[in-house]
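Trainee: Dropping in coords10.tsv, with TSV, C-alpha atoms.
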```tsv
chain	number	residue	atom	x	y	z
A	273	MET	CA	12.52	23.52	-8.24
A	274	THR	CA	9.93	20.84	-7.54
A	275	THR	CA	9.00	19.67	-4.07
A	276	VAL	CA	7.79	16.10	-3.72
A	277	GLY	CA	5.93	14.79	-0.70
A	278	ILE	CA	5.45	11.09	-0.01
A	279	LEU	CA	2.72	9.98	2.36
A	280	GLY	CA	2.56	6.30	3.20
A	281	VAL	CA	-0.93	4.98	3.87
A	282	ILE	CA	-2.20	1.59	5.00
A	283	HIS	CA	-5.07	0.33	2.84
A	284	ASP	CA	-7.10	-0.86	5.81
A	285	GLU	CA	-9.59	1.37	7.58
A	286	GLY	CA	-9.28	-0.54	10.87
A	287	LEU	CA	-5.50	-0.10	10.93
A	288	ARG	CA	-5.80	3.55	9.92
A	289	GLN	CA	-8.10	4.10	12.90
A	290	LYS	CA	-5.92	2.08	15.28
A	291	TYR	CA	-2.74	3.94	14.33
A	292	ASN	CA	-4.27	7.42	14.09
A	293	LEU	CA	-3.79	7.92	10.37
A	294	THR	CA	-7.47	8.44	9.63
A	295	LEU	CA	-8.83	9.90	6.43
A	296	ASP	CA	-9.32	13.20	8.29
A	297	VAL	CA	-5.62	13.25	9.24
A	298	ILE	CA	-4.61	12.34	5.67
A	299	LYS	CA	-6.84	15.13	4.33
A	300	GLU	CA	-5.29	17.66	6.74
A	301	LEU	CA	-1.80	16.64	5.63
A	302	ILE	CA	-2.67	16.93	1.95
A	303	LEU	CA	-4.32	20.33	2.39
A	304	GLU	CA	-1.34	21.58	4.38
A	305	PHE	CA	1.06	20.40	1.66
A	306	GLU	CA	-1.04	22.00	-1.12
A	307	PRO	CA	0.04	19.69	-3.95
A	308	ASP	CA	-0.40	20.44	-7.63
A	309	VAL	CA	-0.46	16.71	-8.40
A	310	ILE	CA	-1.28	13.60	-6.40
A	311	CYS	CA	0.13	10.32	-7.64
A	312	GLY	CA	-1.55	7.25	-6.24
A	313	GLU	CA	-1.25	3.51	-6.10
A	314	VAL	CA	-4.09	3.08	-8.59
A	315	LEU	CA	-4.16	1.20	-11.86
A	316	PRO	CA	-4.60	3.47	-14.89
A	317	SER	CA	-7.60	1.37	-15.95
A	318	SER	CA	-9.16	1.86	-12.50
A	319	TRP	CA	-8.68	5.62	-12.73
A	320	GLU	CA	-10.35	5.56	-16.15
A	321	GLN	CA	-13.20	3.49	-14.68
A	322	TYR	CA	-13.66	6.02	-11.87
A	323	GLN	CA	-13.70	8.91	-14.33
A	324	GLN	CA	-16.37	7.18	-16.43
A	325	ASP	CA	-18.58	6.22	-13.48
A	326	SER	CA	-17.51	7.31	-10.00
A	327	SER	CA	-20.27	5.23	-8.38
A	328	HIS	CA	-19.18	1.90	-9.90
A	329	ARG	CA	-17.38	-0.18	-7.28
A	330	GLY	CA	-16.60	-3.81	-6.63
A	331	TYR	CA	-14.58	-4.63	-9.73
A	332	TRP	CA	-11.17	-6.28	-10.03
A	333	GLY	CA	-8.41	-3.77	-9.47
A	334	GLU	CA	-10.64	-1.34	-7.60
A	335	PRO	CA	-8.55	1.27	-5.79
A	336	ALA	CA	-8.20	1.09	-2.02
A	337	SER	CA	-10.94	2.83	-0.04
A	338	GLU	CA	-8.94	5.95	0.76
A	339	TYR	CA	-8.98	6.84	-2.93
A	340	TRP	CA	-12.77	6.56	-3.26
A	341	ASP	CA	-13.53	8.10	0.11
A	342	LEU	CA	-10.96	10.90	0.13
A	343	ILE	CA	-8.33	11.28	-2.59
A	344	PHE	CA	-10.52	11.27	-5.72
A	345	PRO	CA	-13.17	13.63	-4.31
A	346	LEU	CA	-10.47	15.91	-2.86
A	347	CYS	CA	-8.71	16.08	-6.22
A	348	GLU	CA	-11.98	17.07	-7.85
A	349	GLU	CA	-12.82	19.63	-5.17
A	350	LYS	CA	-9.35	21.25	-5.05
A	351	LYS	CA	-8.57	20.77	-8.76
A	352	TYR	CA	-5.50	18.68	-7.98
A	353	GLU	CA	-4.34	16.61	-10.90
A	354	PHE	CA	-4.44	12.89	-10.13
A	355	VAL	CA	-1.95	10.53	-11.80
A	356	PRO	CA	-2.36	6.75	-11.38
A	357	ILE	CA	1.04	5.11	-10.91
A	358	ASP	CA	0.29	1.47	-10.16
A	359	TRP	CA	0.73	-1.46	-12.49
A	360	VAL	CA	0.02	-5.15	-12.40
A	361	GLU	CA	1.11	-8.19	-14.32
A	362	LEU	CA	-2.14	-10.12	-14.53
A	363	ASP	CA	-0.53	-13.55	-14.78
A	364	VAL	CA	1.40	-12.88	-11.56
A	365	TRP	CA	-1.41	-11.15	-9.70
A	366	ASN	CA	-4.14	-13.66	-10.49
A	367	ASP	CA	-2.02	-16.53	-9.24
A	368	PHE	CA	-0.22	-14.70	-6.45
A	369	ASP	CA	0.70	-16.86	-3.51
A	370	PRO	CA	4.15	-15.98	-2.21
A	371	PHE	CA	4.40	-19.32	-0.44
A	372	HIS	CA	2.95	-21.59	-3.14
A	373	SER	CA	6.00	-23.84	-3.35
A	374	TYR	CA	5.84	-24.73	0.36
A	375	GLY	CA	3.84	-27.37	2.17
A	376	GLU	CA	0.83	-26.36	4.28
A	377	LEU	CA	2.69	-26.41	7.60
A	378	GLN	CA	5.56	-24.34	6.17
A	379	LYS	CA	3.04	-21.87	4.69
A	380	GLN	CA	1.47	-21.40	8.12
A	381	GLN	CA	4.89	-20.87	9.69
A	382	LEU	CA	5.96	-18.38	6.99
A	383	ASN	CA	2.70	-16.46	7.27
A	384	ALA	CA	3.19	-16.30	11.06
A	385	GLU	CA	6.75	-14.99	10.55
A	386	LEU	CA	5.51	-12.42	8.03
A	387	ASP	CA	2.88	-11.29	10.55
A	388	GLU	CA	5.61	-10.95	13.21
A	389	TRP	CA	7.71	-8.78	10.89
A	390	PHE	CA	4.69	-6.60	10.15
A	391	GLU	CA	3.87	-6.24	13.86
A	392	ARG	CA	7.46	-5.17	14.56
A	393	GLN	CA	7.19	-2.59	11.83
A	394	LEU	CA	3.82	-1.36	13.15
A	395	SER	CA	5.29	-1.03	16.65
A	396	THR	CA	7.15	2.03	15.33
A	397	TRP	CA	3.93	3.73	14.20
A	398	ALA	CA	4.39	6.79	16.44
A	399	SER	CA	8.13	7.28	15.84
A	400	GLY	CA	7.62	10.44	13.81
A	401	PRO	CA	5.26	13.39	13.55
A	402	ILE	CA	3.04	11.55	11.03
A	403	PRO	CA	1.81	8.11	12.06
A	404	LEU	CA	3.29	5.24	10.04
A	405	ASN	CA	5.64	7.63	8.22
A	406	SER	CA	9.07	7.71	9.79
A	407	ALA	CA	12.59	6.49	9.27
A	408	ALA	CA	11.99	3.88	11.99
A	409	TYR	CA	8.88	2.58	10.21
A	410	ASP	CA	10.74	2.37	6.89
A	411	PHE	CA	13.68	0.69	8.60
A	412	GLY	CA	11.29	-1.98	9.91
A	413	LEU	CA	10.44	-2.89	6.35
A	414	ARG	CA	14.05	-2.81	5.20
A	415	ARG	CA	15.19	-4.78	8.25
A	416	ARG	CA	13.14	-7.75	7.09
A	417	SER	CA	15.11	-7.70	3.84
A	418	MET	CA	18.45	-6.94	5.48
A	419	ASN	CA	17.90	-9.82	7.86
A	420	GLY	CA	17.68	-12.04	4.79
A	421	TRP	CA	14.21	-13.32	5.57
A	422	SER	CA	12.55	-12.03	2.40
A	423	GLU	CA	15.43	-13.20	0.26
A	424	SER	CA	15.51	-16.64	1.85
A	425	ILE	CA	11.89	-17.31	0.93
A	426	ARG	CA	12.00	-15.49	-2.40
A	427	ARG	CA	14.55	-17.73	-4.10
A	428	PRO	CA	12.58	-20.96	-4.10
A	429	ILE	CA	9.38	-19.13	-4.97
A	430	TYR	CA	10.46	-17.10	-7.96
A	431	SER	CA	13.68	-18.48	-9.33
A	432	GLY	CA	14.87	-16.08	-11.98
A	433	GLY	CA	12.55	-13.24	-10.99
A	434	TYR	CA	11.94	-10.68	-8.30
A	435	ALA	CA	9.02	-10.87	-5.92
A	436	GLY	CA	8.43	-8.06	-3.49
A	437	ILE	CA	7.12	-9.53	-0.28
```
Do you think you could lay out the structure here as structure tokens?
Mentor:
Amino acid sequence: MTTVGILGVIHDEGLRQKYNLTLDVIKELILEFEPDVICGEVLPSSWEQYQQDSSHRGYWGEPASEYWDLIFPLCEEKKYEFVPIDWVELDVWNDFDPFHSYGELQKQQLNAELDEWFERQLSTWASGPIPLNSAAYDFGLRRRSMNGWSESIRRPIYSGGYAGI
């Protein structure tokens, strides 16, 4: 039987500090779990780049700071296998603007609404034993979709395709 642990992390050091999910806390959680493998939101090409030169930073697709500052070194130290599980469609990523089909005023309004949804989700940060990892936090993300907000802006943006916002 295999046990899988999922640890959600915000890719912003300031938010990690603010919501008490620091790299030290993340490290404690990983060490307590004792994984054999860590899968991370890292492009395979970025993982290859790191393996070739772990000091090279500042390139397109560079992993979020928690990988450089904690996950990669911890995997090396503890001999955890690391598996990159992110992907990107370059044509979508390079031209990504979820509100590109809207006028400037509408873009500002939609960005403000998106910020409000995110703040509501963040307000649940302490709803479980691990900051930012709880059913209430997840529900905050799903609620945006269930409310229809994401879907209502997605249709005119990507007709015929899915866009996770």
Trainee: Which value, in Å to one decimal, gives the distance between CA of Val281 in chain A and CA of Leu404 in chain A?
Mentor: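 Computed distance, CA of Val281 in chain A to CA of Leu404 in chain A, equals 7.5 Å.
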Trainee: By how many Å are CA of Pro335 in chain A and CA of Ser318 in chain A apart?
Mentor: 6.8 Å
Trainee: Which residue gives the smallest distance to Lys351 in chain A among A:Lys299, A:Thr294, A:Asp308, A:Arg414, with all atoms listed in the file counted?
Mentor: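 Going through A:Lys299, A:Thr294, A:Asp308, A:Arg414 one by one, the smallest distance to Lys351 in chain A is for A:Asp308.
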Trainee: Grab the CA of Val355 in chain A to CA of Pro403 in chain A distance for me, in Å with one decimal place.
Mentor: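 Those two atoms sit 24.3 Å apart.
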Trainee: Applying 12 Å and all atoms listed in the file, which residues near Glu348 in chain A remain after dropping the ones on its own chain fewer than 2 positions away? List them as a list in words.
Mentor: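 Once the nearby chain positions are removed, what remains is Val309, Ile310, Tyr322, Gln323, Ser326, Tyr339, Trp340, Leu342, Ile343, Phe344, Pro345, Leu346, Lys350, Lys351, Tyr352, Glu353 and Phe354 of chain A.
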